[in-house]
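work-v4.tsv (TSV, C-alpha atoms)
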```tsv
chain	number	residue	atom	x	y	z
A	30	MET	CA	43.57	-11.77	7.99
A	31	VAL	CA	42.13	-10.83	4.62
A	32	GLU	CA	42.39	-13.60	2.04
A	33	LYS	CA	44.63	-13.00	-0.97
A	34	ARG	CA	41.67	-13.57	-3.29
A	35	THR	CA	39.64	-10.87	-1.50
A	36	THR	CA	42.57	-8.44	-1.58
A	37	GLU	CA	42.83	-8.95	-5.33
A	38	ILE	CA	39.11	-8.19	-5.77
A	39	LEU	CA	39.43	-5.02	-3.69
A	40	ASP	CA	42.50	-3.87	-5.60
A	41	ILE	CA	40.67	-4.28	-8.91
A	42	LEU	CA	37.64	-2.36	-7.63
A	43	ASP	CA	39.86	0.41	-6.27
A	44	LYS	CA	41.58	0.81	-9.63
A	45	GLN	CA	38.27	0.75	-11.48
A	46	TYR	CA	36.26	3.10	-9.23
A	47	GLY	CA	38.79	4.89	-7.02
A	48	THR	CA	38.79	5.18	-3.24
A	49	LYS	CA	37.03	8.50	-2.75
A	50	MET	CA	34.11	8.37	-0.30
A	51	TYR	CA	30.83	9.75	-1.59
A	52	CYS	CA	27.10	9.18	-1.27
A	53	PHE	CA	24.53	8.57	-4.00
A	54	LEU	CA	21.87	10.40	-1.99
A	55	GLU	CA	21.99	14.19	-1.86
A	56	TYR	CA	21.98	15.76	1.60
A	57	LYS	CA	23.20	18.80	3.52
A	58	ASN	CA	23.07	17.43	7.05
A	59	PRO	CA	22.51	14.18	9.00
A	60	PHE	CA	18.74	14.74	9.24
A	61	GLU	CA	18.39	15.02	5.47
A	62	LEU	CA	20.44	11.87	4.87
A	63	LEU	CA	18.41	9.91	7.41
A	64	ILE	CA	15.09	10.87	5.82
A	65	ALA	CA	16.41	10.33	2.29
A	66	THR	CA	17.67	6.87	3.21
A	67	ILE	CA	14.31	5.88	4.69
A	68	LEU	CA	12.65	7.04	1.46
A	69	SER	CA	15.15	5.15	-0.71
A	70	ALA	CA	13.77	1.69	0.13
A	71	GLN	CA	12.50	0.09	-3.09
A	72	CYS	CA	13.25	3.31	-4.97
A	73	THR	CA	16.09	4.68	-7.06
A	74	ASP	CA	18.46	7.23	-5.57
A	75	LYS	CA	17.82	9.49	-8.56
A	76	ARG	CA	14.11	9.67	-7.83
A	77	VAL	CA	14.66	10.14	-4.09
A	78	ASN	CA	16.98	13.06	-4.81
A	79	LEU	CA	14.31	14.74	-6.93
A	80	VAL	CA	11.69	14.27	-4.19
A	81	THR	CA	13.84	15.41	-1.27
A	82	ARG	CA	14.86	18.65	-2.99
A	83	HIS	CA	11.24	19.77	-2.66
A	84	LEU	CA	10.53	18.00	0.64
A	85	PHE	CA	13.30	19.72	2.56
A	86	LYS	CA	12.27	23.15	1.31
A	87	HIS	CA	8.99	22.67	3.19
A	88	TYR	CA	10.37	20.63	6.10
A	89	PRO	CA	13.99	21.68	6.66
A	90	ASP	CA	14.47	19.99	10.04
A	91	ALA	CA	13.06	17.39	12.41
A	92	PHE	CA	10.86	19.92	14.22
A	93	ALA	CA	9.14	21.02	11.01
A	94	LEU	CA	8.61	17.48	9.74
A	95	ALA	CA	7.31	16.31	13.12
A	96	ARG	CA	4.52	18.90	12.89
A	97	ALA	CA	3.62	17.99	9.31
A	98	LYS	CA	0.23	16.65	8.25
A	99	LEU	CA	0.31	13.10	6.94
A	100	ASN	CA	-1.64	13.80	3.76
A	101	GLU	CA	0.62	16.72	2.85
A	102	VAL	CA	3.78	14.66	3.31
A	103	GLU	CA	2.22	11.83	1.29
A	104	GLU	CA	1.74	14.23	-1.62
A	105	GLU	CA	5.34	15.40	-1.32
A	106	ILE	CA	6.79	11.89	-1.50
A	107	ARG	CA	4.19	10.10	-3.65
A	108	GLU	CA	6.73	9.35	-6.39
A	109	VAL	CA	8.99	7.22	-4.16
A	110	GLY	CA	6.46	4.39	-3.78
A	111	PHE	CA	4.97	2.99	-0.56
A	112	TYR	CA	4.42	6.66	0.22
A	113	HIS	CA	1.77	6.12	2.92
A	114	ASN	CA	3.99	3.99	5.16
A	115	LYS	CA	7.05	6.07	4.39
A	116	ALA	CA	5.23	9.30	5.22
A	117	MET	CA	4.15	7.90	8.58
A	118	ASN	CA	7.67	6.66	9.28
A	119	ILE	CA	9.47	9.90	8.51
A	120	ILE	CA	6.97	11.99	10.48
A	121	ASN	CA	7.24	9.66	13.49
A	122	CYS	CA	11.01	9.48	13.12
A	123	ALA	CA	11.23	13.27	13.05
A	124	GLY	CA	8.98	13.41	16.10
A	125	MET	CA	11.29	11.12	18.06
A	126	LEU	CA	14.35	13.10	16.96
A	127	ALA	CA	12.70	16.35	18.05
A	128	GLU	CA	11.47	15.00	21.37
A	129	LYS	CA	14.36	12.80	22.45
A	130	TYR	CA	17.42	14.19	20.66
A	131	ASN	CA	16.61	17.89	20.22
A	132	GLY	CA	16.41	17.37	16.47
A	133	GLN	CA	19.83	15.76	16.16
A	134	VAL	CA	20.54	12.34	14.65
A	135	PRO	CA	22.08	9.86	17.14
A	136	ASP	CA	25.34	8.07	16.44
A	137	THR	CA	24.86	4.50	17.68
A	138	MET	CA	23.29	1.47	16.04
A	139	GLU	CA	21.00	0.92	19.03
A	140	GLU	CA	19.64	4.45	19.04
A	141	LEU	CA	19.28	4.65	15.28
A	142	THR	CA	17.42	1.37	14.89
A	143	ALA	CA	15.02	2.44	17.66
A	144	LEU	CA	13.80	5.23	15.36
A	145	PRO	CA	10.65	4.56	13.31
A	146	GLY	CA	11.44	3.29	9.82
A	147	VAL	CA	15.14	2.75	10.54
A	148	GLY	CA	16.72	-0.69	10.15
A	149	ARG	CA	20.36	-1.75	10.13
A	150	LYS	CA	20.85	-0.76	6.49
A	151	THR	CA	19.72	2.82	7.11
A	152	ALA	CA	21.61	2.99	10.40
A	153	ASN	CA	24.84	1.87	8.71
A	154	VAL	CA	24.41	4.53	6.01
A	155	ILE	CA	24.29	7.17	8.76
A	156	LEU	CA	27.13	5.70	10.80
A	157	GLY	CA	29.41	5.43	7.78
A	158	ASN	CA	28.62	8.63	5.90
A	159	VAL	CA	27.89	11.03	8.76
A	160	TYR	CA	29.95	9.75	11.67
A	161	HIS	CA	32.67	7.98	9.67
A	162	ILE	CA	32.27	4.82	11.70
A	163	PRO	CA	33.27	1.77	9.62
A	164	SER	CA	30.02	0.10	8.58
A	165	ILE	CA	28.70	-2.20	5.88
A	166	VAL	CA	25.49	-1.37	4.09
A	167	VAL	CA	23.76	-4.46	2.71
A	168	ASP	CA	21.48	-3.43	-0.11
A	169	THR	CA	20.24	-5.55	-3.00
A	170	HIS	CA	23.48	-5.14	-4.98
A	171	VAL	CA	25.73	-6.02	-2.04
A	172	LYS	CA	23.55	-9.01	-1.19
A	173	ARG	CA	23.60	-10.37	-4.73
A	174	ILE	CA	27.18	-9.68	-5.73
A	175	SER	CA	28.83	-10.60	-2.43
A	176	GLY	CA	27.25	-14.01	-2.89
A	177	ARG	CA	28.35	-14.28	-6.50
A	178	LEU	CA	31.91	-13.42	-5.47
A	179	GLY	CA	31.85	-16.05	-2.73
A	180	LEU	CA	32.18	-13.69	0.23
A	181	THR	CA	28.99	-14.99	1.83
A	182	VAL	CA	26.62	-17.92	1.50
A	183	ASN	CA	23.90	-16.26	3.55
A	184	THR	CA	20.80	-14.50	2.28
A	185	GLU	CA	19.77	-12.61	5.42
A	186	PRO	CA	21.13	-9.04	5.39
A	187	GLU	CA	22.42	-9.05	8.97
A	188	LYS	CA	24.27	-12.34	8.45
A	189	ILE	CA	25.74	-11.00	5.20
A	190	GLU	CA	26.82	-7.87	7.07
A	191	HIS	CA	28.69	-9.96	9.65
A	192	ASP	CA	30.27	-12.17	6.96
A	193	LEU	CA	31.58	-9.11	5.15
A	194	GLU	CA	32.91	-7.62	8.38
A	195	LYS	CA	35.07	-10.72	8.70
A	196	ALA	CA	36.05	-10.88	5.03
A	197	LEU	CA	36.88	-7.22	4.34
A	198	PRO	CA	39.35	-4.82	5.94
A	199	GLU	CA	37.64	-1.99	7.84
A	200	ASP	CA	38.93	0.68	5.47
A	201	HIS	CA	36.85	-0.94	2.72
A	202	TRP	CA	33.60	-1.50	4.59
A	203	ILE	CA	31.99	1.70	3.30
A	204	LEU	CA	33.77	1.53	-0.05
A	205	TRP	CA	32.42	-1.98	-0.65
A	206	ASN	CA	28.88	-0.65	-0.82
A	207	LEU	CA	29.85	2.23	-3.11
A	208	HIS	CA	31.87	0.03	-5.45
A	209	ILE	CA	29.37	-2.80	-5.58
A	210	ILE	CA	26.39	-0.51	-6.27
A	211	THR	CA	28.24	0.96	-9.25
A	212	PHE	CA	29.44	-2.46	-10.39
A	213	GLY	CA	25.91	-3.85	-10.04
A	214	ARG	CA	24.36	-1.04	-12.04
A	215	GLU	CA	26.97	-1.10	-14.80
A	216	ILE	CA	27.80	-4.80	-15.15
A	217	CYS	CA	26.54	-7.32	-12.60
A	218	SER	CA	22.78	-6.77	-12.74
A	219	ALA	CA	20.31	-9.20	-11.24
A	220	GLN	CA	18.64	-10.46	-14.42
A	221	ARG	CA	21.08	-9.83	-17.26
A	222	PRO	CA	24.65	-9.52	-16.00
A	223	LYS	CA	27.17	-8.46	-18.65
A	224	CYS	CA	29.53	-11.33	-17.93
A	225	GLU	CA	31.50	-10.76	-21.13
A	226	MET	CA	32.44	-7.27	-19.83
A	227	CYS	CA	33.08	-8.29	-16.22
A	228	PHE	CA	36.53	-7.49	-14.84
A	229	LEU	CA	35.84	-9.74	-11.83
A	230	ARG	CA	34.68	-12.75	-13.80
A	231	GLN	CA	37.55	-14.96	-12.67
A	232	TYR	CA	36.35	-14.59	-9.06
A	233	CYS	CA	32.67	-15.29	-9.78
A	234	LYS	CA	31.11	-18.43	-8.33
A	235	GLU	CA	28.30	-18.43	-10.89
A	236	LYS	CA	30.22	-18.14	-14.16
```
What's the structure tokens form of this structure?
Amino acid sequence: MVEKRTTEILDILDKQYGTKMYCFLEYKNPFELLIATILSAQCTDKRVNLVTRHLFKHYPDAFALARAKLNEVEEEIREVGFYHNKAMNIINCAGMLAEKYNGQVPDTMEELTALPGVGRKTANVILGNVYHIPSIVVDTHVKRISGRLGLTVNTEPEKIEHDLEKALPEDHWILWNLHIITFGREICSAQRPKCEMCFLRQYCKEK
């Protein structure tokens, strides 16, 4: 049973941002979204999109990326930060996809999180956007704002994920991430939230 207060928050977000499903990362297939999501850690989606446009021209599938040289991939993704570890992860991830899944991206949490560089956040992005399986992506915006709105008291991403699964209806699990990212970027930032402009201020626990 979804609380009346939570339903009101969701209704306001729906009216403000709509209910259309979309993704901030650009991709043409599941492989591209998986690699882009791995690269997006500690990096803006805008920058990742610029990098992957060139990356996928050289490495269009898991087989090509699995054969890539580390130093060449590092140069391709240098702008995303932590490029050495990320380059190793995406090459190893592509290798596992090529060897174990014939280049395809699996569709279960267990299989996805067994891939190099893939945690629950990345796995939920794939499950929700590619396979349309209700999933909650806990990024920095969702973590911060879900707490401010009183939907969780936890700070660990997996615990927040489970709290939100209980608090939100399934048809809003994916939308919550989309809405809250936009809301976080436009209004409820980490350091200087625009509280005077906030249309959810009455529900905030930190006002």
### Task
Using only C-alpha atoms, pick whichever of A:Ala91, A:Ile216, A:Ile41, A:Ile174 has the shortest atom-to-atom distance to Gly132 (chain A).
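Nearest to Gly132 (chain A): A:Ala91.
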#### Entry: Who sits within 12 Å of region 190-204 of chain A, all atoms listed in the file, same chain under 4 positions skipped, as a PyMOL selection string
chain A and resi 30-40+42-43+46-52+149-150+153-168+171-172+174-176+178-186+208-212
#### Entry: CA of Tyr56 (chain A) to CA of Cys217 (chain A), straight-line distance in Å
27.5 Å
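Separating CA of Lys129 (chain A) from CA of Phe92 (chain A) is a distance of 11.4 Å.
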### Distance of CA of Arg173 (chain A) from CA of Leu62 (chain A), expressed in Å to one decimal place
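Computing it gives 24.4 Å between the two atoms.
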### Query
If we count all atoms listed in the file, what is near Leu84 (chain A) at a cut-off of 10 Å, once residues fewer than 6 positions away on the same chain are taken out, given as a list in words?
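Using all atoms listed in the file, the neighbours found are Glu61, Ile64, Ala65, Asn78, Leu94, Val102, Glu104, Glu105 and Ile106 of chain A.
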Store the residues picked out above in a file with C-alpha atoms, as a tab-separated table (two decimals), in the frame of the given file.
```tsv
chain	number	residue	atom	x	y	z
A	61	GLU	CA	18.39	15.02	5.47
A	64	ILE	CA	15.09	10.87	5.82
A	65	ALA	CA	16.41	10.33	2.29
A	78	ASN	CA	16.98	13.06	-4.81
A	94	LEU	CA	8.61	17.48	9.74
A	102	VAL	CA	3.78	14.66	3.31
A	104	GLU	CA	1.74	14.23	-1.62
A	105	GLU	CA	5.34	15.40	-1.32
A	106	ILE	CA	6.79	11.89	-1.50
```
### Query
Residues at most 9 Å from Gly146 (chain A), counting all atoms listed in the file, excluding those fewer than 6 positions away in the same chain, as an NGL selection string?
:A and (67 or 114-115 or 117-119 or 121-122)
The selected residues should be written to file as a compact mmCIF listing (two decimals), in the frame of the given file (atoms: C-alpha atoms).
```txt
# COMPACT_ATOMS: atom_id res chain seq x y z
CA ILE A 67 14.31 5.88 4.69
CA ASN A 114 3.99 3.99 5.16
CA LYS A 115 7.05 6.07 4.39
CA MET A 117 4.15 7.90 8.58
CA ASN A 118 7.67 6.66 9.28
CA ILE A 119 9.47 9.90 8.51
CA ASN A 121 7.24 9.66 13.49
CA CYS A 122 11.01 9.48 13.12
```
#### Entry: Shortest interatomic distance to Gly148 (chain A) - which of A:Ala70, A:Val77, A:Ala93, A:Ala116, counting all atoms listed in the file
A:Ala70
### Task
Identify which of the residues A:Tyr112, A:Leu126, A:Glu101, A:Glu55 lies closest to Leu141 (chain A), counting only C-alpha atoms when measuring atom-to-atom distances.
A:Leu126
### Query
Closest to Cys233 (chain A) among A:Ala127, A:Lys75, A:Glu215, A:Arg177, using only C-alpha atoms?
A:Arg177
### Task
Return the single residue from A:Leu68, A:Ala143, A:Leu54, A:Val80 that is closest to His113 (chain A), with distances computed using all atoms listed in the file.
A:Leu68
